[in-house]
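See below for start_32.txt, which holds compact mmCIF, C-alpha atoms.
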# COMPACT_ATOMS: atom_id res chain seq x y z
CA MET L 70 -2.57 -0.03 21.04
CA ARG L 71 1.14 0.39 21.51
CA VAL L 72 3.68 0.75 18.72
CA GLN L 73 7.30 0.36 19.76
CA LEU L 74 10.16 1.29 17.45
CA PHE L 75 13.56 0.03 18.60
CA THR L 76 16.37 2.04 16.99
CA SER L 77 20.09 2.61 17.18
CA SER L 78 22.26 5.60 16.43
CA PHE L 79 23.41 6.06 12.84
CA CYS L 80 20.75 3.68 11.52
CA GLY L 81 19.48 4.82 8.13
CA ALA L 82 16.73 2.20 8.06
CA CYS L 83 15.56 3.49 11.46
CA THR L 84 14.90 6.88 9.89
CA ALA L 85 12.85 5.29 7.12
CA THR L 86 10.89 3.23 9.65
CA ARG L 87 10.19 6.32 11.75
CA GLU L 88 8.74 8.02 8.65
CA VAL L 89 6.49 5.02 7.89
CA LEU L 90 5.19 4.96 11.47
CA THR L 91 4.63 8.71 11.47
CA GLN L 92 2.52 8.37 8.31
CA ALA L 93 0.60 5.44 9.78
CA GLY L 94 0.01 7.45 12.95
CA THR L 95 -1.80 10.12 10.97
CA TRP L 96 -4.28 7.43 9.84
CA VAL L 97 -4.53 5.85 13.30
CA PRO L 98 -4.29 8.71 15.81
CA SER L 99 -5.03 6.39 18.74
CA ALA L 100 -1.69 4.63 18.18
CA GLU L 101 0.80 5.33 20.94
CA ILE L 102 4.15 5.34 19.15
CA GLN L 103 7.18 4.94 21.39
CA GLU L 104 10.77 5.04 20.13
CA LEU L 105 13.46 3.34 22.17
CA ASN L 106 17.16 3.56 21.37
CA VAL L 107 18.67 0.19 22.27
CA ALA L 108 21.81 1.86 23.68
CA GLN L 109 19.75 4.05 25.99
CA ALA L 110 17.17 1.41 26.94
CA PRO L 111 19.09 -1.88 26.97
CA LYS L 112 16.80 -3.56 29.52
CA ASP L 113 13.72 -2.79 27.39
CA ALA L 114 15.49 -4.09 24.28
CA GLU L 115 16.54 -7.28 26.05
CA ALA L 116 13.04 -7.84 27.47
CA ALA L 117 11.58 -7.45 23.96
CA ASP L 118 14.20 -9.83 22.49
CA ILE L 119 15.50 -7.22 20.05
CA ARG L 120 18.17 -8.69 17.77
CA SER L 121 18.50 -5.92 15.15
CA THR L 122 17.38 -2.40 14.43
CA PRO L 123 15.00 -1.17 13.38
CA THR L 124 12.47 -3.48 14.98
CA VAL L 125 8.81 -2.54 15.22
CA ILE L 126 6.48 -4.26 17.68
CA ILE L 127 2.75 -3.54 17.64
CA SER L 128 0.68 -4.72 20.60
CA THR L 129 -2.91 -4.55 21.70
CA ASP L 130 -3.90 -2.51 24.75
CA ASP L 131 -3.65 -5.66 26.89
CA GLY L 132 -0.08 -6.30 25.68
CA ALA L 133 -0.63 -9.07 23.12
CA GLU L 134 1.91 -8.75 20.31
CA VAL L 135 0.21 -8.78 16.90
CA PHE L 136 3.11 -7.68 14.68
CA ARG L 137 6.90 -7.72 14.72
CA SER L 138 9.08 -6.46 11.91
CA GLU L 139 12.86 -6.41 11.72
CA GLY L 140 13.70 -3.88 9.03
CA VAL L 141 11.52 -1.26 7.42
CA PRO L 142 7.83 -2.20 7.21
CA THR L 143 5.75 -0.80 4.38
CA LEU L 144 2.95 1.61 5.15
CA PRO L 145 0.30 -1.02 4.24
CA GLN L 146 1.98 -3.53 6.57
CA ALA L 147 2.03 -1.04 9.45
CA LEU L 148 -1.59 -0.02 8.89
CA ALA L 149 -2.78 -3.64 8.69
CA ALA L 150 -0.94 -4.47 11.90
CA MET L 151 -2.42 -1.45 13.64
CA ALA L 152 -5.89 -2.55 12.51
CA ARG L 153 -5.28 -5.99 14.07
CA ALA L 154 -4.27 -4.32 17.33
CA LEU L 155 -7.43 -2.25 17.64

Whole structure, C-alpha cells version:
Amino acid sequence: MRVQLFTSSFCGACTATREVLTQAGTWVPSAEIQELNVAQAPKDAEAADIRSTPTVIISTDDGAEVFRSEGVPTLPQALAAMARAL
C-alpha cells in the first residue's frame, strides 16, 4: 500500500496530519508513507489533483485509490483506510 501526504510550507494542519500518519504507520508497518511538498513536487500534485493541503491519498499496491482526505484525518479513519488498501 502507498500513503501519500501532500503538504505545503507553514501548514499547521500538515504537521498534525504527519503525526496521525506516523501513529498509523506504527500499527501498519507495511505502509509506505511518502510526503510530497506541493511547491517542490508540483507535477505530482497536479497529477494527483491536489487542491488543498494537507491531502492524504491511500492506494493499494496496484494503484487503486481507496481513501482521500483533505484536512487532518483521525487515527481511526487512517487505520480503516489502510485496512481497505491491504

>> With all atoms listed in the file as the counted atoms, please give the residues lying no more than 8 Å from segment 141-153 of chain L, apart from itself and same-chain residues fewer than 5 positions off, as JSON, numbers by chain.
In response: {"L": [70, 82, 83, 85, 86, 89, 90, 92, 93, 96, 97, 100, 123, 124, 127, 135, 136]}

> Could you state the separation of atom CA of Ser99 of chain L and atom CA of Pro111 of chain L in Å, given to one decimal place?
Replying inline: 26.8 Å

> Which is closest to Ala117 of chain L among L:Thr91, L:Gly81, L:Gln73, L:Asp131, if we use all atoms listed in the file?
Replying inline: L:Gln73

> Neighbours of Glu139 of chain L within 10 Å (only C-alpha atoms; same-chain residues fewer than 3 positions away dropped), as a count of residues only?
Replying inline: 11

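Distances here use all atoms listed in the file; by that measure, the residue among L:Ser78, L:Leu155, L:Arg137, L:Glu104 closest to Asp118 of chain L is L:Arg137.
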
Each side padded by 3 Å, which centre and which edge lengths in Å (one decimal) define the axis-aligned box around the listed atoms of segment 92-106 of chain L? Give them as AutoDock Vina command-line options.
--center_x 6.1 --center_y 6.7 --center_z 15.2 --size_x 28.2 --size_y 12.8 --size_z 19.9

>> Just the number, please: distance in Å from atom CA of Gly140 of chain L to atom CA of Glu88 of chain L, one decimal.
In response: 12.9 Å

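Interatomic distance, atom CA of Asn106 of chain L to atom CA of Cys80 of chain L: 10.5 Å.
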
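Candidate residues L:Val107, L:Ala116, L:Ala133, L:Ala154 were compared for distance to Thr76 of chain L, and the nearest is L:Val107, using all atoms listed in the file.
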
Since fewer atoms than expected are present, regenerate N, CA and C atoms for segment 83-103 of chain L and write them as a PDB file, in the frame of the given file.
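New file part.pdb:
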ATOM      1  N   CYS L  83      16.383   3.010  10.332  1.00  0.00           N
ATOM      2  CA  CYS L  83      15.560   3.490  11.460  1.00  0.00           C
ATOM      3  C   CYS L  83      14.841   4.779  11.078  1.00  0.00           C
ATOM      4  N   THR L  84      15.511   5.637  10.347  1.00  0.00           N
ATOM      5  CA  THR L  84      14.900   6.880   9.890  1.00  0.00           C
ATOM      6  C   THR L  84      13.733   6.595   8.958  1.00  0.00           C
ATOM      7  N   ALA L  85      13.926   5.661   8.040  1.00  0.00           N
ATOM      8  CA  ALA L  85      12.850   5.290   7.120  1.00  0.00           C
ATOM      9  C   ALA L  85      11.671   4.680   7.866  1.00  0.00           C
ATOM     10  N   THR L  86      11.956   3.854   8.864  1.00  0.00           N
ATOM     11  CA  THR L  86      10.890   3.230   9.650  1.00  0.00           C
ATOM     12  C   THR L  86      10.128   4.277  10.438  1.00  0.00           C
ATOM     13  N   ARG L  87      10.835   5.230  11.012  1.00  0.00           N
ATOM     14  CA  ARG L  87      10.190   6.320  11.750  1.00  0.00           C
ATOM     15  C   ARG L  87       9.223   7.080  10.850  1.00  0.00           C
ATOM     16  N   GLU L  88       9.618   7.313   9.595  1.00  0.00           N
ATOM     17  CA  GLU L  88       8.740   8.020   8.650  1.00  0.00           C
ATOM     18  C   GLU L  88       7.492   7.202   8.338  1.00  0.00           C
ATOM     19  N   VAL L  89       7.641   5.885   8.153  1.00  0.00           N
ATOM     20  CA  VAL L  89       6.490   5.020   7.890  1.00  0.00           C
ATOM     21  C   VAL L  89       5.517   5.065   9.072  1.00  0.00           C
ATOM     22  N   LEU L  90       6.056   4.960  10.288  1.00  0.00           N
ATOM     23  CA  LEU L  90       5.190   4.960  11.470  1.00  0.00           C
ATOM     24  C   LEU L  90       4.520   6.317  11.695  1.00  0.00           C
ATOM     25  N   THR L  91       5.221   7.381  11.361  1.00  0.00           N
ATOM     26  CA  THR L  91       4.630   8.710  11.470  1.00  0.00           C
ATOM     27  C   THR L  91       3.454   8.838  10.509  1.00  0.00           C
ATOM     28  N   GLN L  92       3.627   8.352   9.283  1.00  0.00           N
ATOM     29  CA  GLN L  92       2.520   8.370   8.310  1.00  0.00           C
ATOM     30  C   GLN L  92       1.366   7.515   8.803  1.00  0.00           C
ATOM     31  N   ALA L  93       1.656   6.326   9.291  1.00  0.00           N
ATOM     32  CA  ALA L  93       0.600   5.440   9.780  1.00  0.00           C
ATOM     33  C   ALA L  93      -0.132   6.083  10.958  1.00  0.00           C
ATOM     34  N   GLY L  94       0.610   6.782  11.797  1.00  0.00           N
ATOM     35  CA  GLY L  94       0.010   7.450  12.950  1.00  0.00           C
ATOM     36  C   GLY L  94      -0.989   8.531  12.575  1.00  0.00           C
ATOM     37  N   THR L  95      -0.822   9.121  11.397  1.00  0.00           N
ATOM     38  CA  THR L  95      -1.800  10.120  10.970  1.00  0.00           C
ATOM     39  C   THR L  95      -3.118   9.454  10.602  1.00  0.00           C
ATOM     40  N   TRP L  96      -3.066   8.189  10.174  1.00  0.00           N
ATOM     41  CA  TRP L  96      -4.280   7.430   9.840  1.00  0.00           C
ATOM     42  C   TRP L  96      -4.888   6.782  11.077  1.00  0.00           C
ATOM     43  N   VAL L  97      -4.061   6.507  12.071  1.00  0.00           N
ATOM     44  CA  VAL L  97      -4.530   5.850  13.300  1.00  0.00           C
ATOM     45  C   VAL L  97      -4.055   6.694  14.492  1.00  0.00           C
ATOM     46  N   PRO L  98      -4.760   7.794  14.759  1.00  0.00           N
ATOM     47  CA  PRO L  98      -4.290   8.710  15.810  1.00  0.00           C
ATOM     48  C   PRO L  98      -4.301   8.110  17.212  1.00  0.00           C
ATOM     49  N   SER L  99      -5.015   7.013  17.412  1.00  0.00           N
ATOM     50  CA  SER L  99      -5.030   6.390  18.740  1.00  0.00           C
ATOM     51  C   SER L  99      -3.772   5.584  19.019  1.00  0.00           C
ATOM     52  N   ALA L 100      -2.927   5.401  18.009  1.00  0.00           N
ATOM     53  CA  ALA L 100      -1.690   4.630  18.180  1.00  0.00           C
ATOM     54  C   ALA L 100      -0.707   5.408  19.048  1.00  0.00           C
ATOM     55  N   GLU L 101      -0.231   4.756  20.078  1.00  0.00           N
ATOM     56  CA  GLU L 101       0.800   5.330  20.940  1.00  0.00           C
ATOM     57  C   GLU L 101       2.142   4.845  20.429  1.00  0.00           C
ATOM     58  N   ILE L 102       2.877   5.727  19.746  1.00  0.00           N
ATOM     59  CA  ILE L 102       4.150   5.340  19.150  1.00  0.00           C
ATOM     60  C   ILE L 102       5.280   5.732  20.089  1.00  0.00           C
ATOM     61  N   GLN L 103       6.083   4.745  20.449  1.00  0.00           N
ATOM     62  CA  GLN L 103       7.180   4.940  21.390  1.00  0.00           C
ATOM     63  C   GLN L 103       8.476   4.503  20.706  1.00  0.00           C
TER      64      GLN L 103
END
